[in-house]
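Below: one structure, written as structure tokens.
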Amino acid sequence: MAHRAAVLGALAALSVALPALSAGLPAAQAASASVAPSCVPAHLNVSAALAGKRVTVSPEPDSMDASATTQISFLGVPASQLVIVRVSGSRTGVHQGRLAAYSQGDGASFLPSHAFAGGELVTVHAELREGANTTPFAWHFTVAELDNPGSSSAAVVGVAKNPNAAPTVAPKEYQSFHSRPELRPPDVTVSPGERNATGDLFIAPYAGIGQYGPMILNQHGELIWFKALGPAGTRAGNFRVQEYEGKPVLTWWQDPLIADGSRTSGDVIANSAYQTIAIVRAGNGYQPDLHEFQITSQDSALITVYDAIDCNLSSVGGPSDGAVADTLFQEIDLKTGLVTYEWHSLDHVPLTNSYSSPTTTSQHEPFDYFHINSLDVEQNGDVLVDSRNTWAAYDVDAKTGQVRWELGGRHSSFKQGPGTATAWQHDAVQLQEGEITFFDNGASPQVQPQSRAIEIALDTQDMTATLVRSYEHKTPLVADSQGNVQVTGEDDWMVGWGQAGYLSEINAAGQVLFNAHLPPNWESYRAFVAPWSGQPASPPAVAAIAASGAHAGATVYASWNGATEVASWEVLAGASPTSLKPAENAPKTGFETAIPLAAARAGSYVAVQALNAAGTLLGTCSAVKISGA
């Protein structure tokens, strides 16, 4: 099902706005025609754990925002113990379907044979059978009415809009290579100094004029790998190293992700050879959003979704014929693609908690009241959910879906000490000892002098929050959107400055270990550091250019996009591709190594071999003819 994009910004303060009456209709009829359905249940934060709290269900009980193409998820018991007695819609009647088991053996989804209708009440009756014991349980939910259905654009919130094309970029803003002329990644300017953390850097630049794509840099900021995305305007986000099936993998969000007959957004999992091994789509008719894609230890994935639905906002001073950005997260079984659980902010957090305003919103500009932007699995298995537009992070019970506590915002569960309040923040992450880190944007609109990275200690007995440490960039930066904080090594921080286009590593004392930035107007949603070993499936690349004029010799240019183990290059040369012999050896320098070859002539042939530090052959390219200068 196609869904309308919700591309929203922060709005002005609350004020009451009355909808105009439709021309030609009596007042009562016009008011009725212009009123959208409620999108908020009568009782918030209802438990999703039924059947004696043995089964966690979604759509959640009393929810008003289910998708018309939703599956009905049962999590917590083997599929063999579940019996679906009846699924019935108030408009569409009884729904036949089948029960599909999760690969982890902990539940199943009922897949209706046909869609539900917008606005209808759906009732589910089921039984949990454990030996001789049978526990019947039932609940109901309401299907949302889509805002402006038929739009096919992905829901992307809080980042710059995609351009229709990528115009020619100024040469000073991008890197170029003789051996890989089709690659034009943006420049990364590195401040003087070394970085002491182990690992490579992972960013996904976009929004500037040029090529977008996932990008790996070494500890000095030099390019290791770049994947130029197409068609023009395609972009990636949240590029990082994760673990899948016991092996390190690369993951990123991409829009559009054209594969398997789909042109919607999706999440990519790639192996150490940079080959795509899995593509993950959202379930229940949604598209995944860039804000989170996190693989769990059970090889499931947590993803975020934005969807626009009709909603009567008159209770909070907005239009009665309005719409809201329904922000939610799903857990996806990566083996089957089934939705094991789905959580909606509208079911748990009041609209009144938002610092955004609904007064100037409409069905064309839905009210982005929550703006989910990160998920983190906590030490006890709960999910930490961050909300940009309520200025708060929420501890969500993994079993019931209920909010246990909230940190920040209008109704913080904690007494907050100096410096712990955030505004428009991103990336709430729980550390090993229970502290929480944030990237505190402080904008937009701007309410703080500059953005900062912070760590907060929580006392869950006395319910107090205390600032542990804070860092602001030495050159003041204000990131209107995006950003993250990653703890590395001995309490070092890698800070991605989001829309500001910087990335910095600092130690616990606040000393800068590494600082770099993209060209003006470029940005990366997050920045990560991690160890990585890449062995590309494709061979090395080579180009050779003869010296100009009467000068003898040529320069050979060697590169291998993504290879991390290359220490040196062996140049082979000869009069023909079949008569090549060793001619020169040179240490690898940067992404592309320029190697002088004194005896070479235009028209002869060269190839290169990549060697590791022990001199072992890693890869060989095909021979190419030396071109004239």
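Simple scheme: letters A, B, ... for chains in structure tokens order, numbers from 1 for residues in each chain, numbers from 1 for ligands in the order shown.
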Asn271 (chain A) surroundings by only C-alpha atoms, 12 Å radius, close-in-sequence under 4 positions cut, as a ChimeraX atom specification: /A:241-251,275-278,532-537,562
Shell of 6 Å around region 285-288 of chain A, only C-alpha atoms, local chain residues under 2 positions omitted, as a PDB file with C-alpha atoms, in the first residue's frame:
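After the write, part.pdb holds the following:
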```pdb
ATOM      1  CA  MET A   1       0.000   0.000   0.000  1.00  0.00           C
ATOM      2  CA  THR A  69      -3.006  -4.457   5.267  1.00  0.00           C
ATOM      3  CA  GLY A 266      14.471  -0.428   2.291  1.00  0.00           C
ATOM      4  CA  ALA A 282       8.830  -2.892   6.414  1.00  0.00           C
ATOM      5  CA  GLY A 283       5.737  -4.989   7.010  1.00  0.00           C
ATOM      6  CA  THR A 304      11.258   2.902  12.326  1.00  0.00           C
ATOM      7  CA  VAL A 305       8.295   3.911  10.165  1.00  0.00           C
TER       8      VAL A 305
END
```
Which residue of A:Asn561, A:Asn389, A:Ser265, A:Thr135 approaches Leu50 (chain A) most closely, using only C-alpha atoms: A:Thr135
Atom pair CA of Val280 (chain A) / CA of Thr296 (chain A): separation (Å): 13.8 Å
Point-to-point distance from CA of Thr488 (chain A) to CA of Ala423 (chain A), Å rounded to tenths: 24.6 Å
Å distance separating CA of His348 (chain A) from CA of Asp326 (chain A), one decimal place: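 CA of Asp326 (chain A) lies 11.9 Å from CA of His348 (chain A).
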DSSP strand (DSSP E or B) selection over region 295-517 of chain A, as a count of residues only: 103
Hey, which bits of region 332-352 of chain A sit within 7 Å of region 71-91 of chain A, and for each residue what's the closest pair of atoms and how far apart in Å (one decimal), counting only C-alpha atoms, rows by chain and increasing number, as CSV?
```
residue,atom,partner,partner_atom,distance
A:Val339,CA,A:Ser73,CA,6.7
A:Thr340,CA,A:Ser73,CA,5.6
A:Tyr341,CA,A:Ser73,CA,6.2
```
Create the file for the chosen residues now, containing all heavy atoms and written as a short mmCIF file (atom, residue, chain, number, x, y, z; two decimals), in the first residue's frame.
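Once written, selection.cif looks like this:
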```
data_model
loop_
_atom_site.label_atom_id
_atom_site.label_comp_id
_atom_site.auth_asym_id
_atom_site.auth_seq_id
_atom_site.Cartn_x
_atom_site.Cartn_y
_atom_site.Cartn_z
N VAL A 339 6.24 -9.45 10.64
CA VAL A 339 6.29 -8.48 11.73
C VAL A 339 5.98 -9.21 13.02
O VAL A 339 4.86 -9.69 13.22
CB VAL A 339 5.27 -7.34 11.50
CG1 VAL A 339 5.29 -6.37 12.67
CG2 VAL A 339 5.55 -6.62 10.20
N THR A 340 6.96 -9.28 13.91
CA THR A 340 6.72 -9.95 15.19
C THR A 340 6.06 -9.02 16.21
O THR A 340 5.40 -9.49 17.13
CB THR A 340 8.03 -10.52 15.77
OG1 THR A 340 8.90 -9.42 16.10
CG2 THR A 340 8.71 -11.44 14.78
N TYR A 341 6.27 -7.71 16.05
CA TYR A 341 5.65 -6.75 16.96
C TYR A 341 5.66 -5.38 16.32
O TYR A 341 6.56 -5.05 15.53
CB TYR A 341 6.40 -6.70 18.30
CG TYR A 341 5.78 -5.72 19.28
CD1 TYR A 341 4.50 -5.92 19.77
CD2 TYR A 341 6.47 -4.58 19.68
CE1 TYR A 341 3.92 -5.01 20.64
CE2 TYR A 341 5.90 -3.68 20.57
CZ TYR A 341 4.62 -3.89 21.03
OH TYR A 341 4.04 -3.00 21.89
#
```
Of the listed residues A:Arg54, A:His43, A:Arg129, A:Arg388, that which approaches Gly408 (chain A) most closely, counting only C-alpha atoms: A:Arg388
Distance criterion (only C-alpha atoms): nearest to Trp225 (chain A) out of A:Phe137, A:Trp569, A:Trp560, A:Phe370: A:Trp560
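Remark: for Glu127 (chain A), the closest of the candidate residues A:Ala594, A:Phe141, A:Cys621, A:Gly52 is A:Gly52 (distances computed over only C-alpha atoms).
Among the candidates A:Gly442, A:Gly199, A:Gly489, A:Gly93, the residue lying nearest to Phe528 (chain A) is A:Gly199 (atoms considered: only C-alpha atoms).
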For Ile545 (chain A): contacts at 8 Å, only C-alpha atoms, fewer than 3 positions along chain excluded, given as a list in words: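 Selected residues are Ala554, Thr555, Val556, Ala602, Ile626, Ser627, Gly628 and Ala629 of chain A.
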